[in-house]
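Asker: Have a look at this one before I ask anything.
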Amino acid sequence: MIKSALLTAMLMAGLSATAAGISSPSGDFKLDVSADSDGVPRYSLSYKGSPVVSNCALGLRADEADFSRGFRLTGIDTLTSDTTWQPVWGEYSDIRDHYRELAAHFEADAPARKMTVRFRLFDDGLGFRYELPRQDNANYLTLRDEATEFNFGGDHTVFCIPGDYDTDEYLFSETRISGIPEAMAKYRGRHTESQQTEGNATIQTPTLLKSDDGRYISVHEAALTGYPALLLDVDTVTRAMSAHLTPDRLGVRAYLQLPFNTPWRTMIVSDDARDILASQMILNLNEPCKIEDTSWIKPMKFVGVWWEMFTGNVKTWAYSDDFRAKPGVTDYSALPSNGRHPANTANVKKYIDFAAAHGIEGVLVEGWNEGWEDWASYRKNRQFLFDKPYPDFDVDSLRDYAAAKGVQLIMHHETAANAADYERQLDRAFTFMKDNGYNAVKTGYVGAIIPRSEHHSSQWMVDHVNYVAERAADYKIMIDSHEAPRPTGLCRTWPNWLAQESARGGEFESFGGNPPSHTCILPFTRLKGGPMDYTPGLFETRLSYYGEGKDSQAGSTLARQLALYLTMPSPLQMACDLPENYERFADAFKFIEDVPVDWADSRYLEAEPGRYITVARRDKNSADWYVGAITDENARKATVDLSFLPAGEKYEATIYADGKDADWKDNPQSYSISTRKVDSKTKLSVPLAAGGGMAIRLKKM
Ligand code: NOJ
Ligand code: CA
């Protein structure tokens with residue numbers, strides 16, 4: 001390897017060089033960059049002396065020009081940067097951004113082409129992106145392919161979901177790289193509205209790999225703007241993965257106007273699984289906050305007129321059953337309610353009362369606006385109106401009632417994937433919100449995207465959801481997007497984008513259930529891109545299967561549902577269950593009332609992907625700490641060493657644990673609550689049931 005200083009010296013002396021490299025600040029990582037004999041740019045990354053990925057191709061291929069071969073490495077720039085910044089909300093109040101950077105400049109002739117690959121090497125991993133400056137000829141590119149490779153070498157274990165352009169609402173498979181085609185094949189055709197890639201050897205990011213010698217590698221991307229979402233093609237023979245960009249329906253990956261920088265390709269690497277969870281590298285690779293006054297951005301918990309529609313198969317988002325039978329009717333007030341419509345004024349007031357009584361800041365209401373009757377036939381006619389409440393939903397009186405009770409109403413915009421129409425209505429929709437006291441909105445894109453040229457994770461949709469978040473910031477509106485492309489840390493730049501779904505969430509507890517391992521995988525995968533609106537807090541875990549009247553069993557004990565508020569951190573956390581279920585278990589609900597959603601510090605105490613997670617976090621607004629621990633289908637003991645507490649201080653610990661006879665399948669509602677005094681010398685050992693968990697509040701005395 002030629003050291004960068006040496007390369008610089010050679011370049012200055014007019015000598016040609018073919019390789020360059022840097023080390024991470026700690027020296028654990030080494031990066032090598034070169035152009036091979038065909039002029040293909042390549043990189044290799046090693047960690048503590050052994051390879052993470054080796055000899056990986058780099059580049060882009062467009063109709064107008066090929067940026068993947070024929071290159072010479074003509075120069076480099078290096079720098080070291082060490083800064084600390086304060087997120088508006090998150091897991092830490094201070095985030096250190098410390099890296100060495102290598103910008104490798106490549107040039108090619110006939111036709112002339114220029115490309116820079118910018119690498120940032122942190123103590124927790126690598127990020128790199130392509131930078132295409134203006135070219136002498138082609139400045140508008142029709143991008144066909146990205147050549148980026150990740151040659152892992154070994155047949156690592158991998159946690160992955162199918163390469164689907166339209167949905168990420170899958171359970172993860174835990175398999176070997178060589179087993180991916182078989183593992184992914186079983187998901188084909190599961191989602192009628194989605195389009196999977198050809199073949200079964202494509203997976204989505206974020207994905208997590210583990211080598212046989214215990215090295216963890218999380219692969220994803222950061223700052224996805226103006227470009228399609230990343231998937232990975234897997235070569236099961238060579239164990240190599242390569243970039244597969246979501247196309248539009250004509251097969252084009254992206255239309256680019258130069259100059260253009262791609263999103264960062266990221267690998268977080270460690271031999272300690274806890275470091276993968278603690279890493280803030282993806283946020284560090286995003287641009288600083290672009291909102292000047294962030295005082296209106298307020299993390300919160302919320303309840304909602306929501307779960308009623310998922311249980312029992314009785315309640316509906318739609319107001320009327322008649323409407324569908326009477327095409328051409330445009331005046332809803334002439335129609336009777338179906339009597340099963342919970343988004344009505346009286347019921348919403350009940351939720352407002354409940355929230356006010358329990359210190360829950362927000363109330364979400366779904367099914368409040370015109371358009372849901374089309375849902376049943378949404379393939380034909382999909383238009384929701386975002387300023388037209390149903391006749392039984394009194395916007396004015398609810399605005400005044402919520403304000404008097406100090407509760408924040410949360411708006412719902414289901415677009416049924418008619419994103420084009422949503423853009424047309426956006427200003428009217430946001431104005432309606434502000435006029436009526438709403439400062440947060442949950443958006444949704446269920447179904448096949450309109451315009452039909454697009455997929456959920458194609459370039460056009462990436463632009464759409466980013467545009468909605470930016471426009472929302474203009475209106476001082478917070479966003480929670482469902483069925484949007486997987487997050488990539490843009491919440492640093494747009495902190496009004498509090499959360500996204502973009503994975504298989506808690507709603508699936510009513511569609512057959514999420515096995516306990518699912519929430520032991522999500523923090524290692526999906527959550528690396530940003531917080532998830534998972535909707536924890538399910539106390540009644542025996543459900544009737546939504547839509548089919550069958551039984552569904554949630555993959556969790558009740559105590560474990562409390563732990564999810566720690567293991568699935570989000571500045572927007574739902575308490576998803578029905579008020580009457582919380583009233584049945586009022587002592588356990590106390591934890592949900594108390595638990596914060598914004599943190600000053602976080603300590604991952606125990607972690608293994610798919611198996612268990614134990615984490616402690618300090619409240620941003622007090623000296624109190626909270627601990628959450630979850631396990632998969634196997635019972636275990638969580639060990640909580642409280643040495644993170646300030647020495648000499650006494651804390652009162654309230655421990656919400658699984659009952660002795662608890663079990664996620666047979667006895668999920670058995671729990672115990674105990675209190676004891678603890679300090680920094682205490683080590684707690686708390687048994688977790690199969691599919692169980694525990695939560696602790698540590699209150700400073
Ligand atoms: C799917 C979302 O994930 C869910 O939360 C919502 O209630 C429905 N779509 C209806 O918009
Ligand atoms: Ca969803």
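By order in the structure tokens, chains are A, B, ...; within a chain, residues start at 1; ligands start at 1, following the order shown.
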Could I get the residue neighbourhood of ligand 2 at 12 Å, counting only C-alpha atoms and all ligand atoms, as a PyMOL selection string?

Answerer: chain A and resi 166-170+414+416-417+442-447+480-485+500-508+511+532-535

Asker: Can you pull out every residue from stretch 162-220 of chain A that DSSP, working from the backbone, puts in strand (DSSP E), and format the result as a PyMOL selection string?

Answerer: chain A and resi 173-176+202-204+207-210+216-220

Asker: Store the residues of this selection in a file with N, CA, C and O atoms, as a PDB file, in the first residue's frame.

Answerer:
```
ATOM      1  N   SER A 173     -34.929 -13.108   7.367  1.00  0.00           N
ATOM      2  CA  SER A 173     -34.378 -14.457   7.369  1.00  0.00           C
ATOM      3  C   SER A 173     -32.987 -14.388   7.953  1.00  0.00           C
ATOM      4  O   SER A 173     -32.235 -13.453   7.674  1.00  0.00           O
ATOM      5  N   GLU A 174     -32.637 -15.377   8.756  1.00  0.00           N
ATOM      6  CA  GLU A 174     -31.264 -15.517   9.218  1.00  0.00           C
ATOM      7  C   GLU A 174     -30.696 -16.695   8.463  1.00  0.00           C
ATOM      8  O   GLU A 174     -31.139 -17.825   8.637  1.00  0.00           O
ATOM      9  N   THR A 175     -29.726 -16.423   7.589  1.00  0.00           N
ATOM     10  CA  THR A 175     -29.238 -17.482   6.712  1.00  0.00           C
ATOM     11  C   THR A 175     -27.751 -17.250   6.443  1.00  0.00           C
ATOM     12  O   THR A 175     -27.160 -16.332   7.002  1.00  0.00           O
ATOM     13  N   ARG A 176     -27.166 -18.091   5.630  1.00  0.00           N
ATOM     14  CA  ARG A 176     -25.804 -17.855   5.134  1.00  0.00           C
ATOM     15  C   ARG A 176     -25.909 -17.116   3.809  1.00  0.00           C
ATOM     16  O   ARG A 176     -26.939 -17.217   3.126  1.00  0.00           O
ATOM     17  N   THR A 202     -31.591 -11.184  -4.463  1.00  0.00           N
ATOM     18  CA  THR A 202     -31.469  -9.756  -4.183  1.00  0.00           C
ATOM     19  C   THR A 202     -32.099  -9.491  -2.824  1.00  0.00           C
ATOM     20  O   THR A 202     -33.173 -10.025  -2.523  1.00  0.00           O
ATOM     21  N   ILE A 203     -31.416  -8.714  -2.022  1.00  0.00           N
ATOM     22  CA  ILE A 203     -31.922  -8.385  -0.693  1.00  0.00           C
ATOM     23  C   ILE A 203     -31.915  -6.868  -0.512  1.00  0.00           C
ATOM     24  O   ILE A 203     -31.334  -6.147  -1.314  1.00  0.00           O
ATOM     25  N   GLN A 204     -32.565  -6.404   0.566  1.00  0.00           N
ATOM     26  CA  GLN A 204     -32.610  -4.968   0.837  1.00  0.00           C
ATOM     27  C   GLN A 204     -31.551  -4.594   1.875  1.00  0.00           C
ATOM     28  O   GLN A 204     -31.132  -5.426   2.669  1.00  0.00           O
ATOM     29  N   THR A 207     -28.858  -4.354   5.957  1.00  0.00           N
ATOM     30  CA  THR A 207     -28.711  -5.771   6.250  1.00  0.00           C
ATOM     31  C   THR A 207     -27.555  -5.932   7.227  1.00  0.00           C
ATOM     32  O   THR A 207     -26.674  -5.066   7.288  1.00  0.00           O
ATOM     33  N   LEU A 208     -27.574  -7.005   8.000  1.00  0.00           N
ATOM     34  CA  LEU A 208     -26.493  -7.242   8.959  1.00  0.00           C
ATOM     35  C   LEU A 208     -25.844  -8.587   8.663  1.00  0.00           C
ATOM     36  O   LEU A 208     -26.537  -9.579   8.482  1.00  0.00           O
ATOM     37  N   LEU A 209     -24.503  -8.577   8.618  1.00  0.00           N
ATOM     38  CA  LEU A 209     -23.761  -9.824   8.426  1.00  0.00           C
ATOM     39  C   LEU A 209     -22.934 -10.128   9.661  1.00  0.00           C
ATOM     40  O   LEU A 209     -22.526  -9.213  10.381  1.00  0.00           O
ATOM     41  N   LYS A 210     -22.690 -11.410   9.870  1.00  0.00           N
ATOM     42  CA  LYS A 210     -21.787 -11.821  10.952  1.00  0.00           C
ATOM     43  C   LYS A 210     -20.880 -12.915  10.417  1.00  0.00           C
ATOM     44  O   LYS A 210     -21.354 -13.925   9.889  1.00  0.00           O
ATOM     45  N   TYR A 216     -19.159  -8.298  13.018  1.00  0.00           N
ATOM     46  CA  TYR A 216     -20.480  -7.818  12.601  1.00  0.00           C
ATOM     47  C   TYR A 216     -20.310  -6.712  11.569  1.00  0.00           C
ATOM     48  O   TYR A 216     -19.485  -5.806  11.760  1.00  0.00           O
ATOM     49  N   ILE A 217     -21.082  -6.779  10.492  1.00  0.00           N
ATOM     50  CA  ILE A 217     -21.002  -5.769   9.431  1.00  0.00           C
ATOM     51  C   ILE A 217     -22.425  -5.360   9.064  1.00  0.00           C
ATOM     52  O   ILE A 217     -23.223  -6.187   8.629  1.00  0.00           O
ATOM     53  N   SER A 218     -22.723  -4.085   9.261  1.00  0.00           N
ATOM     54  CA  SER A 218     -24.031  -3.574   8.885  1.00  0.00           C
ATOM     55  C   SER A 218     -23.874  -2.773   7.587  1.00  0.00           C
ATOM     56  O   SER A 218     -23.063  -1.859   7.517  1.00  0.00           O
ATOM     57  N   VAL A 219     -24.632  -3.152   6.555  1.00  0.00           N
ATOM     58  CA  VAL A 219     -24.502  -2.482   5.254  1.00  0.00           C
ATOM     59  C   VAL A 219     -25.770  -1.674   4.977  1.00  0.00           C
ATOM     60  O   VAL A 219     -26.883  -2.199   5.046  1.00  0.00           O
ATOM     61  N   HIS A 220     -25.582  -0.407   4.662  1.00  0.00           N
ATOM     62  CA  HIS A 220     -26.738   0.433   4.330  1.00  0.00           C
ATOM     63  C   HIS A 220     -26.257   1.623   3.496  1.00  0.00           C
ATOM     64  O   HIS A 220     -25.193   1.566   2.866  1.00  0.00           O
TER      65      HIS A 220
END
```

Asker: What's the 9 Å shell around stretch 364-370 of chain A, counting only C-alpha atoms, without same-chain residues fewer than 5 positions away, as a VMD selection string?

Answerer: chain A and resid 302 to 306 316 to 319 332 341 to 344 348 383 to 390 392 to 393 408 to 414 441 to 442

Asker: With C-alpha atoms kept, could you save the residues just selected as an mmCIF file, in the first residue's frame?

Answerer:
```cif
data_model
loop_
_atom_site.group_PDB
_atom_site.id
_atom_site.type_symbol
_atom_site.label_atom_id
_atom_site.label_comp_id
_atom_site.auth_asym_id
_atom_site.auth_seq_id
_atom_site.Cartn_x
_atom_site.Cartn_y
_atom_site.Cartn_z
ATOM 1 C CA PHE A 302 -49.296 9.276 21.456
ATOM 2 C CA VAL A 303 -52.374 7.096 21.546
ATOM 3 C CA GLY A 304 -54.710 6.761 18.633
ATOM 4 C CA VAL A 305 -58.006 5.889 17.085
ATOM 5 C CA TRP A 306 -56.178 3.139 15.251
ATOM 6 C CA THR A 316 -63.776 0.690 9.707
ATOM 7 C CA TRP A 317 -61.805 3.714 8.535
ATOM 8 C CA ALA A 318 -64.713 4.416 6.172
ATOM 9 C CA TYR A 319 -67.730 6.372 7.437
ATOM 10 C CA TYR A 332 -71.399 12.521 2.501
ATOM 11 C CA HIS A 341 -66.695 4.310 12.420
ATOM 12 C CA PRO A 342 -64.503 5.128 15.452
ATOM 13 C CA ALA A 343 -63.126 8.411 14.044
ATOM 14 C CA ASN A 344 -66.218 10.185 15.368
ATOM 15 C CA VAL A 348 -62.001 10.970 19.736
ATOM 16 C CA GLN A 383 -58.413 9.824 -4.031
ATOM 17 C CA PHE A 384 -58.412 10.973 -0.464
ATOM 18 C CA LEU A 385 -59.348 14.535 0.378
ATOM 19 C CA PHE A 386 -57.125 15.981 3.080
ATOM 20 C CA ASP A 387 -59.345 18.909 3.972
ATOM 21 C CA LYS A 388 -62.728 17.138 3.961
ATOM 22 C CA PRO A 389 -63.730 15.614 7.297
ATOM 23 C CA TYR A 390 -66.532 13.078 7.491
ATOM 24 C CA ASP A 392 -69.397 12.743 12.249
ATOM 25 C CA PHE A 393 -65.938 14.261 12.822
ATOM 26 C CA GLN A 408 -51.903 17.512 20.500
ATOM 27 C CA LEU A 409 -54.039 16.030 17.717
ATOM 28 C CA ILE A 410 -52.041 14.103 15.100
ATOM 29 C CA MET A 411 -53.266 14.213 11.517
ATOM 30 C CA HIS A 412 -53.436 11.180 9.223
ATOM 31 C CA HIS A 413 -52.865 11.350 5.467
ATOM 32 C CA GLU A 414 -53.328 7.952 3.855
ATOM 33 C CA VAL A 441 -48.923 14.067 10.438
ATOM 34 C CA LYS A 442 -48.668 10.361 9.783
#
```

Asker: Name all residues at most 9 Å from stretch 626-636 of chain A (count only C-alpha atoms; drop same-chain ones fewer than 2 positions away) and give them as a PyMOL selection string.

Answerer: chain A and resi 515-520+555-556+560-567+595-596+606+610-619+624+638+640+663-664+686-699

Asker: Which residue out of A:Glu308, A:Glu221, A:Glu423, A:Asp66 has the minimum interatomic distance to ligand 1 when only C-alpha atoms and all ligand atoms are used?

Answerer: A:Glu308

Asker: Return the single residue from A:Asp396, A:Glu540, A:Glu149, A:Asp63 that is closest to A:Thr345, with distances computed using only C-alpha atoms.

Answerer: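 Ranked by minimum distance to A:Thr345, first place goes to A:Asp396.
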
Asker: So that I can check the surroundings of A:Leu538, please list as a ChimeraX atom specification every protein, DNA and RNA residue that reaches within 7 Å of it, counting only C-alpha atoms and ignoring chain neighbours fewer than 3 positions away.

Answerer: /A:541,561,576-577

Asker: DSSP on the backbone: what in stretch 200-318 of chain A comes out alpha helix (DSSP H), as a PyMOL selection string?

Answerer: chain A and resi 273-278+281-284

Asker: For those residues, write N, CA, C and O atoms to a file as a PDB file, in the first residue's frame.

Answerer:
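File written: part.pdb
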```
ATOM      1  N   ALA A 273     -21.105  -6.685  19.034  1.00  0.00           N
ATOM      2  CA  ALA A 273     -22.422  -6.346  18.464  1.00  0.00           C
ATOM      3  C   ALA A 273     -22.984  -5.055  19.052  1.00  0.00           C
ATOM      4  O   ALA A 273     -23.750  -4.342  18.401  1.00  0.00           O
ATOM      5  N   ARG A 274     -22.602  -4.744  20.280  1.00  0.00           N
ATOM      6  CA  ARG A 274     -23.139  -3.527  20.912  1.00  0.00           C
ATOM      7  C   ARG A 274     -22.708  -2.272  20.162  1.00  0.00           C
ATOM      8  O   ARG A 274     -23.434  -1.277  20.118  1.00  0.00           O
ATOM      9  N   ASP A 275     -21.506  -2.319  19.573  1.00  0.00           N
ATOM     10  CA  ASP A 275     -21.022  -1.149  18.825  1.00  0.00           C
ATOM     11  C   ASP A 275     -21.874  -0.863  17.590  1.00  0.00           C
ATOM     12  O   ASP A 275     -21.991   0.285  17.158  1.00  0.00           O
ATOM     13  N   ILE A 276     -22.418  -1.912  16.996  1.00  0.00           N
ATOM     14  CA  ILE A 276     -23.264  -1.713  15.803  1.00  0.00           C
ATOM     15  C   ILE A 276     -24.498  -0.896  16.209  1.00  0.00           C
ATOM     16  O   ILE A 276     -24.902   0.037  15.515  1.00  0.00           O
ATOM     17  N   LEU A 277     -25.072  -1.241  17.366  1.00  0.00           N
ATOM     18  CA  LEU A 277     -26.265  -0.521  17.830  1.00  0.00           C
ATOM     19  C   LEU A 277     -25.919   0.914  18.223  1.00  0.00           C
ATOM     20  O   LEU A 277     -26.695   1.838  17.988  1.00  0.00           O
ATOM     21  N   ALA A 278     -24.759   1.105  18.826  1.00  0.00           N
ATOM     22  CA  ALA A 278     -24.401   2.436  19.330  1.00  0.00           C
ATOM     23  C   ALA A 278     -23.949   3.384  18.215  1.00  0.00           C
ATOM     24  O   ALA A 278     -23.968   4.598  18.400  1.00  0.00           O
ATOM     25  N   MET A 281     -22.808   6.623  12.893  1.00  0.00           N
ATOM     26  CA  MET A 281     -22.089   6.954  11.663  1.00  0.00           C
ATOM     27  C   MET A 281     -23.019   7.428  10.541  1.00  0.00           C
ATOM     28  O   MET A 281     -22.692   8.349   9.791  1.00  0.00           O
ATOM     29  N   ILE A 282     -24.175   6.791  10.427  1.00  0.00           N
ATOM     30  CA  ILE A 282     -25.084   7.174   9.334  1.00  0.00           C
ATOM     31  C   ILE A 282     -25.579   8.606   9.524  1.00  0.00           C
ATOM     32  O   ILE A 282     -25.671   9.374   8.563  1.00  0.00           O
ATOM     33  N   LEU A 283     -25.864   8.981  10.771  1.00  0.00           N
ATOM     34  CA  LEU A 283     -26.241  10.389  11.015  1.00  0.00           C
ATOM     35  C   LEU A 283     -25.068  11.298  10.684  1.00  0.00           C
ATOM     36  O   LEU A 283     -25.236  12.374  10.098  1.00  0.00           O
ATOM     37  N   ASN A 284     -23.863  10.885  11.063  1.00  0.00           N
ATOM     38  CA  ASN A 284     -22.687  11.721  10.786  1.00  0.00           C
ATOM     39  C   ASN A 284     -22.486  11.966   9.297  1.00  0.00           C
ATOM     40  O   ASN A 284     -21.939  12.991   8.902  1.00  0.00           O
TER      41      ASN A 284
END
```

Asker: Would you mind telling me which residue in A:Gly371, A:Ala623, A:Phe172, A:Ser570 lies nearest to ligand 1 when using only C-alpha atoms and all ligand atoms?

Answerer: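 Going through A:Gly371, A:Ala623, A:Phe172, A:Ser570 one by one, the smallest distance to ligand 1 is for A:Gly371.
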
Asker: Go through A:Leu558, A:Val597, A:Met574, A:Leu522 and flag the residue nearest ligand 1, using only C-alpha atoms and all ligand atoms for the distances.

Answerer: A:Met574

Asker: Give me, as a list in words, all polymer residues having an atom no more than 7 Å from A:Val117, counting only C-alpha atoms and skipping those fewer than 6 positions away in the same chain.

Answerer: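 Counting only C-alpha atoms, the residues come to Ala103, Ala104, His105, Phe128, Arg129, Tyr130 and Glu131 of chain A.
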
Asker: Could you give me, as a list in words, the residues within 10 Å of A:Asn286, counting only C-alpha atoms and dropping anything in the same chain fewer than 2 positions from it?

Answerer: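 Counting only C-alpha atoms, the residues come to Ala222, Ala223, Leu224, Pro263, Trp264, Met281, Ile282, Leu283, Asn284, Pro288, Cys289, Thr488, Gly489, Leu490, Cys491, Arg492 and Thr493 of chain A.
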
Asker: Name the closest residue to A:Val53 among the candidates A:Thr157, A:Thr238, A:Asn496, A:Asn139; distances are taken between atoms, counting only C-alpha atoms.

Answerer: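 The closest residue to A:Val53 is A:Thr238.
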
Asker: Here is a test: counting only C-alpha atoms and all ligand atoms, which residue of A:Met309, A:Leu426, A:Ala355, A:Met568 is nearest to ligand 1?

Answerer: A:Met309

Asker: For a test of reading the model, state the distance in Å between atom CA of A:Ile297 and atom CA of A:Leu578, rounded to one decimal.

Answerer: 26.7 Å

Asker: Go ahead and compute the interatomic distance for atom CA of A:Pro569 and atom CA of A:Pro536, in Å to one decimal.

Answerer: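 Computing it gives 10.5 Å between the two atoms.
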